[in-house]
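A.B. asks: Could you have a look at this structure, given as structure tokens, before my questions?
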Amino acid sequence: MRRKAAMLFIIGLFLLLQTTVLSRLPFAIVTPDIMMILTVSMGFMQGKKEGLLTGFVSGLFIDIISGSVFGGHAFLYMMAGYFSGFFCQIYFDNSVRLPLVLVGAGETFLNLAIYLSNFLLKGKLAFGKYLAVIILPTVAFTVLSTLIVYPILYKINHLLVERQKEASSSLWIRE
Amino acid sequence: MKKKLRLNINLKSRHVLIILLILCGGLAVTTLTTGIVKDPVRGAFVDMVVPFQNGVNKIGTRLSKVFSGFQDVQKLSEENEALQARVDELIMENNALLQSQTELERLTELYDLDRQYTEYNKVAAQVIAKDSGNWYNTFVINKGKNDGLAVDMNVIAGGGLVGIITETGDNWSEVRAIIDDSSNVSAMVASTSDTCIVSGDLALFGSGKIEFSELRDRDNIVMEGTRIVTSNISTKYLTGLLIGYVGSVSMDANNLTKSGTIIPAADFKNIREVLVITDLKQTKENSD
């Protein structure tokens, strides 16, 4: 339970950072999507269930705060968390390479889905332009941010898991 | 309670996925078909988040002031801020004056008109949050219903139009910027009152521009640097607010209308403080 509260707190904190500080970074053309990093990292480090739950809550928060259709971002982030959970079996050390790839894939998937559902359907066909101006910079910047964010999440995860281990049997670590 | 908890834990990830998928679908359908869930939930949530955003924002501003270093520099930057605000106000005023002048010249020839552009009432507000992704250009400001703000009020900064309020809470409002992909503003050429449509374009904004189209330039005088202001036929935007200056213009394929790009007067990359005009176009017209 404490662990769930901690996760909720972290998601809330990331949402705040994302909407305030990160959009103000002087050198950033686009805002990095740290919610995606969080979702994918959780899926990767703890498995499908944790990944999809984290993704669902993160996405739902984004839906609520941005006023779009409830369930839209929730669905996309949830799927990203779920699929990164498949790679949980090969998670063993703090190497950042695989998370980088997973975050990149998740972010690309998210942005393509947003383009398809909100822009293509409105008749905005200039995909190349959107790709160059929004999608590629967002993916690139998010992947770069993973280099900083993932090690932090890795440490937090270790702390949480260790405390959990002491509290009960190792129910939470893997499925 | 305990039993239920254990049951949850034993659910397989596949089953959780299916349950949440159904939940997503259900939520989407409810929000799309009814407004019952969305607005109260969103209002309550943002009410909860805004104080934190305000806090983070204050810390951020303070930090950035520390970074900007020595006290003298700080003093200078404060002074600069005040002056910038003054300049913005003056540009705004000048714009209104220019506007009324051309209007006056044109109309006095036709009939005796005593209506002048009134000085609008303004409320200053700070931008405290931005939309989470990069696809939309909306932001949240720290003033709301309690300060007399309402939906459809115009927002300006740097002497130019920034956007329009789309949603308000007790102490926050959401503003959709005119550079947002879904934004359309009815505009006109300041000197001739030829109307056009100014629309935001994500793909263009990378180069700091917005788009205009459907301009009937009868006298063929629109060129680089021509002032574009909000038009009198818009239902939501007050008349004569500066949008920006024409960056490029070209004839459309139909040989009747022109389209091109506008360099906005407001600096959208570094918006910190905005002014909200508390006069609504609708009520203004009605009370006249």
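Every chain in the structure tokens takes a letter, A first, then B, and so on in the order presented; its residues are numbered from 1, and the ligands are numbered from 1 following the presented order.
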Report as JSON lines the residues of chain B within 6 Å of chain A, each with its shortest atom pair and distance in Å (one decimal), using only C-alpha atoms, ordered by chain and increasing residue number.

C.D. replies:
```
{"residue": "B:Ser13", "atom": "CA", "partner": "A:Lys49", "partner_atom": "CA", "distance": 4.6}
{"residue": "B:Cys24", "atom": "CA", "partner": "A:Gly71", "partner_atom": "CA", "distance": 4.3}
{"residue": "B:Leu27", "atom": "CA", "partner": "A:Phe70", "partner_atom": "CA", "distance": 5.6}
{"residue": "B:Ala28", "atom": "CA", "partner": "A:Phe70", "partner_atom": "CA", "distance": 5.2}
{"residue": "B:Arg42", "atom": "CA", "partner": "A:Ile64", "partner_atom": "CA", "distance": 5.4}
{"residue": "B:Ala129", "atom": "CA", "partner": "A:Thr20", "partner_atom": "CA", "distance": 4.9}
{"residue": "B:Lys130", "atom": "CA", "partner": "A:Thr19", "partner_atom": "CA", "distance": 5.1}
{"residue": "B:Ser132", "atom": "CA", "partner": "A:Thr19", "partner_atom": "CA", "distance": 5.2}
{"residue": "B:Ala203", "atom": "CA", "partner": "A:Lys129", "partner_atom": "CA", "distance": 5.6}
```

A.B. asks: Among chain A, which residues does DSSP mark as helix (DSSP H, G or I) when it is run on the backbone? Keep the chain and numbering as in the structure and answer as a ChimeraX atom specification.

C.D. replies: /A:2-19,22-24,34-46,48-66,72-90,97-122,127-167

A.B. asks: Would you put the residues from that selection into a file with C-alpha atoms, as a CSV table (one decimal), in the first residue's frame?

C.D. replies:
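As a result, out.csv now contains:
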```
chain,number,residue,atom,x,y,z
A,2,ARG,CA,2.8,2.3,0.9
A,3,ARG,CA,4.4,1.5,-2.3
A,4,LYS,CA,1.3,2.5,-4.3
A,5,ALA,CA,1.1,5.8,-2.4
A,6,ALA,CA,4.7,6.4,-3.3
A,7,MET,CA,4.1,5.7,-6.9
A,8,LEU,CA,1.1,8.0,-6.9
A,9,PHE,CA,3.2,10.7,-5.3
A,10,ILE,CA,6.0,10.2,-8.0
A,11,ILE,CA,3.4,10.4,-10.8
A,12,GLY,CA,2.0,13.6,-9.4
A,13,LEU,CA,5.5,15.1,-9.0
A,14,PHE,CA,6.4,14.2,-12.6
A,15,LEU,CA,3.2,15.8,-13.8
A,16,LEU,CA,4.0,19.0,-12.0
A,17,LEU,CA,7.5,19.0,-13.3
A,18,GLN,CA,6.3,18.3,-16.8
A,19,THR,CA,3.8,21.2,-16.9
A,22,LEU,CA,10.4,21.4,-18.1
A,23,SER,CA,8.4,23.5,-20.5
A,24,ARG,CA,10.6,26.5,-19.4
A,34,ILE,CA,9.0,12.4,-18.6
A,35,MET,CA,5.7,10.7,-17.9
A,36,MET,CA,6.6,8.3,-20.7
A,37,ILE,CA,10.0,7.7,-19.2
A,38,LEU,CA,8.3,7.0,-15.9
A,39,THR,CA,5.8,4.6,-17.4
A,40,VAL,CA,8.3,2.7,-19.6
A,41,SER,CA,10.8,2.5,-16.8
A,42,MET,CA,8.3,1.1,-14.4
A,43,GLY,CA,7.2,-1.5,-16.9
A,44,PHE,CA,10.7,-2.4,-17.6
A,45,MET,CA,11.8,-2.7,-14.0
A,46,GLN,CA,8.8,-4.2,-12.5
A,48,LYS,CA,3.6,-5.6,-17.2
A,49,LYS,CA,1.2,-5.0,-14.4
A,50,GLU,CA,3.1,-2.2,-12.8
A,51,GLY,CA,3.9,-0.7,-16.2
A,52,LEU,CA,0.3,-0.6,-17.3
A,53,LEU,CA,-1.0,0.7,-14.0
A,54,THR,CA,1.6,3.5,-13.9
A,55,GLY,CA,0.8,4.2,-17.5
A,56,PHE,CA,-2.9,4.3,-16.9
A,57,VAL,CA,-2.7,6.7,-14.0
A,58,SER,CA,-0.2,8.9,-15.7
A,59,GLY,CA,-2.3,9.1,-18.9
A,60,LEU,CA,-5.4,9.7,-17.0
A,61,PHE,CA,-3.8,12.6,-15.1
A,62,ILE,CA,-2.7,14.1,-18.4
A,63,ASP,CA,-6.2,13.6,-19.9
A,64,ILE,CA,-7.7,15.4,-16.9
A,65,ILE,CA,-5.2,18.3,-16.8
A,66,SER,CA,-5.3,18.9,-20.6
A,72,GLY,CA,-7.2,8.7,-24.6
A,73,HIS,CA,-3.8,9.3,-23.2
A,74,ALA,CA,-4.6,6.8,-20.5
A,75,PHE,CA,-4.9,4.1,-23.2
A,76,LEU,CA,-1.8,5.1,-25.0
A,77,TYR,CA,0.4,5.3,-21.9
A,78,MET,CA,-1.0,2.1,-20.6
A,79,MET,CA,-0.1,0.2,-23.8
A,80,ALA,CA,3.4,1.7,-23.7
A,81,GLY,CA,3.8,0.5,-20.1
A,82,TYR,CA,2.4,-2.9,-20.8
A,83,PHE,CA,4.7,-3.6,-23.7
A,84,SER,CA,7.8,-2.4,-22.0
A,85,GLY,CA,6.8,-4.9,-19.3
A,86,PHE,CA,7.6,-7.7,-21.7
A,87,PHE,CA,11.2,-6.8,-21.5
A,88,CYS,CA,11.2,-7.1,-17.7
A,89,GLN,CA,12.7,-10.6,-17.9
A,90,ILE,CA,15.9,-9.2,-19.2
A,97,ARG,CA,20.5,1.1,-23.2
A,98,LEU,CA,17.4,-0.9,-23.4
A,99,PRO,CA,15.2,1.7,-21.6
A,100,LEU,CA,16.5,4.3,-24.2
A,101,VAL,CA,15.2,2.1,-27.0
A,102,LEU,CA,11.9,1.4,-25.2
A,103,VAL,CA,11.3,5.1,-24.4
A,104,GLY,CA,12.0,6.0,-28.0
A,105,ALA,CA,9.6,3.4,-29.2
A,106,GLY,CA,6.9,4.3,-26.7
A,107,GLU,CA,7.2,8.1,-27.4
A,108,THR,CA,7.1,7.5,-31.2
A,109,PHE,CA,4.0,5.3,-30.8
A,110,LEU,CA,2.3,8.0,-28.6
A,111,ASN,CA,3.0,10.8,-31.0
A,112,LEU,CA,2.0,8.9,-34.1
A,113,ALA,CA,-1.2,8.0,-32.4
A,114,ILE,CA,-1.9,11.6,-31.4
A,115,TYR,CA,-1.2,12.7,-35.0
A,116,LEU,CA,-3.5,10.1,-36.4
A,117,SER,CA,-6.4,10.7,-34.0
A,118,ASN,CA,-6.3,14.5,-33.7
A,119,PHE,CA,-4.6,15.9,-36.8
A,120,LEU,CA,-5.0,13.5,-39.7
A,121,LEU,CA,-8.7,13.1,-39.0
A,122,LYS,CA,-9.0,16.9,-39.2
A,127,PHE,CA,2.7,14.5,-42.0
A,128,GLY,CA,6.3,15.3,-43.0
A,129,LYS,CA,6.0,18.7,-41.5
A,130,TYR,CA,4.6,17.4,-38.2
A,131,LEU,CA,7.2,14.7,-38.2
A,132,ALA,CA,10.0,17.2,-38.5
A,133,VAL,CA,8.6,19.9,-36.2
A,134,ILE,CA,7.0,17.9,-33.4
A,135,ILE,CA,7.4,14.2,-33.5
A,136,LEU,CA,11.2,13.8,-34.1
A,137,PRO,CA,12.3,16.6,-31.7
A,138,THR,CA,10.0,15.3,-29.0
A,139,VAL,CA,11.2,11.7,-29.3
A,140,ALA,CA,14.9,12.8,-29.5
A,141,PHE,CA,14.6,15.1,-26.5
A,142,THR,CA,12.7,12.5,-24.5
A,143,VAL,CA,15.2,9.8,-25.2
A,144,LEU,CA,18.0,12.2,-24.2
A,145,SER,CA,16.2,13.0,-21.0
A,146,THR,CA,16.0,9.3,-20.2
A,147,LEU,CA,19.8,9.4,-19.6
A,148,ILE,CA,19.2,11.6,-16.6
A,149,VAL,CA,15.8,10.4,-15.4
A,150,TYR,CA,16.2,6.6,-15.7
A,151,PRO,CA,19.1,6.3,-13.2
A,152,ILE,CA,17.1,8.3,-10.7
A,153,LEU,CA,14.1,6.1,-11.2
A,154,TYR,CA,16.3,3.1,-10.9
A,155,LYS,CA,17.5,4.2,-7.5
A,156,ILE,CA,14.0,5.0,-6.3
A,157,ASN,CA,12.8,1.6,-7.5
A,158,HIS,CA,15.6,-0.1,-5.6
A,159,LEU,CA,14.7,1.7,-2.4
A,160,LEU,CA,11.0,0.8,-2.8
A,161,VAL,CA,11.7,-2.8,-3.6
A,162,GLU,CA,14.1,-3.3,-0.7
A,163,ARG,CA,11.7,-1.8,1.7
A,164,GLN,CA,9.0,-4.1,0.3
A,165,LYS,CA,11.3,-7.1,0.7
A,166,GLU,CA,11.7,-6.3,4.4
A,167,ALA,CA,8.0,-5.9,4.9
```

A.B. asks: In Å, how far is it from atom CA of Glu93 of chain B to atom CA of Asp267 of chain B?

C.D. replies: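 Atom CA of Glu93 of chain B sits 18.1 Å away from atom CA of Asp267 of chain B.
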
A.B. asks: Please indicate the distance in Å from atom CA of Gly169 of chain B to atom CA of Asp88 of chain B, rounded to one decimal place.

C.D. replies: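 Separating atom CA of Gly169 of chain B from atom CA of Asp88 of chain B is a distance of 26.9 Å.
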
A.B. asks: Which of these residues is nearest to Ile141 of chain B, using only C-alpha atoms: B:Val87, B:Met251, B:Ala124, B:Ile22?

C.D. replies: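 For Ile141 of chain B, the nearest of the given residues is B:Ala124.
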
A.B. asks: Quick one: residues within 10 Å of Asp217 of chain B, only C-alpha atoms counted, chain neighbours fewer than 4 positions away excluded, as a ChimeraX atom specification?

C.D. replies: /B:189,192-196,221-222,251,256-259

A.B. asks: Could you write out, as an NGL selection string, all the residues of segment 33-211 of chain B that DSSP marks as strand (DSSP E or B)?

C.D. replies: :B and (122-130 or 138-141 or 154-157 or 160-168 or 173-177 or 184-189 or 195-199 or 210-211)

A.B. asks: Using C-alpha atoms, can you write the selected residues to a file as a short mmCIF file (atom, residue, chain, number, x, y, z; two decimals), in the first residue's frame?

C.D. replies:
```
data_model
loop_
_atom_site.label_atom_id
_atom_site.label_comp_id
_atom_site.auth_asym_id
_atom_site.auth_seq_id
_atom_site.Cartn_x
_atom_site.Cartn_y
_atom_site.Cartn_z
CA LYS B 122 -7.02 44.72 -17.93
CA VAL B 123 -5.93 42.27 -15.27
CA ALA B 124 -2.34 41.05 -15.09
CA ALA B 125 -1.75 37.35 -14.59
CA GLN B 126 1.17 34.95 -14.52
CA VAL B 127 1.54 31.86 -16.64
CA ILE B 128 1.95 28.95 -14.23
CA ALA B 129 1.71 25.87 -16.42
CA LYS B 130 1.77 24.68 -19.97
CA THR B 138 -2.55 26.01 -24.21
CA PHE B 139 -1.41 27.33 -20.87
CA VAL B 140 -2.80 27.98 -17.41
CA ILE B 141 -2.69 31.38 -15.71
CA ASN B 154 -8.98 38.04 -24.73
CA VAL B 155 -5.43 37.67 -23.50
CA ILE B 156 -2.58 39.92 -24.63
CA ALA B 157 1.14 40.18 -23.96
CA GLY B 160 -0.07 41.68 -29.15
CA LEU B 161 -2.87 39.20 -28.96
CA VAL B 162 -1.89 35.96 -27.25
CA GLY B 163 -5.08 33.97 -27.07
CA ILE B 164 -8.46 33.50 -25.53
CA ILE B 165 -9.68 32.00 -22.27
CA THR B 166 -11.31 28.63 -22.83
CA GLU B 167 -11.95 27.57 -19.28
CA THR B 168 -11.94 29.15 -15.84
CA SER B 173 -7.89 29.93 -16.25
CA GLU B 174 -6.86 28.04 -19.30
CA VAL B 175 -5.80 30.04 -22.33
CA ARG B 176 -5.65 28.75 -25.86
CA ALA B 177 -2.92 30.57 -27.74
CA ASN B 184 -8.78 30.61 -35.90
CA VAL B 185 -9.06 34.35 -35.51
CA SER B 186 -10.99 36.67 -37.73
CA ALA B 187 -8.57 39.47 -38.56
CA MET B 188 -8.17 42.47 -40.82
CA VAL B 189 -5.53 44.70 -42.30
CA THR B 195 -10.57 40.88 -43.56
CA CYS B 196 -8.73 37.59 -43.41
CA ILE B 197 -8.49 34.48 -41.26
CA VAL B 198 -5.49 34.00 -39.01
CA SER B 199 -4.94 30.40 -38.02
CA ILE B 210 1.37 31.89 -37.92
CA GLU B 211 -0.69 31.65 -41.05
#
```

A.B. asks: What is the distance, in Å and to one decimal place, between atom CA of Thr235 of chain B and atom CA of Leu280 of chain B?

C.D. replies: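 A separation of 9.6 Å between them.
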
A.B. asks: Could you name the residues that touch segment 243-245 of chain B at 8 Å or less, counting only C-alpha atoms, but leaving out those on the same chain fewer than 3 positions away, as a list in words?

C.D. replies: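 My list of contacting residues is Gly160, Leu161, Val162, Glu224, Gly225, Thr226, Arg227, Ile228, Val229, Thr230, Ile262, Ile263, Pro264, Ala265 and Ala266 of chain B.
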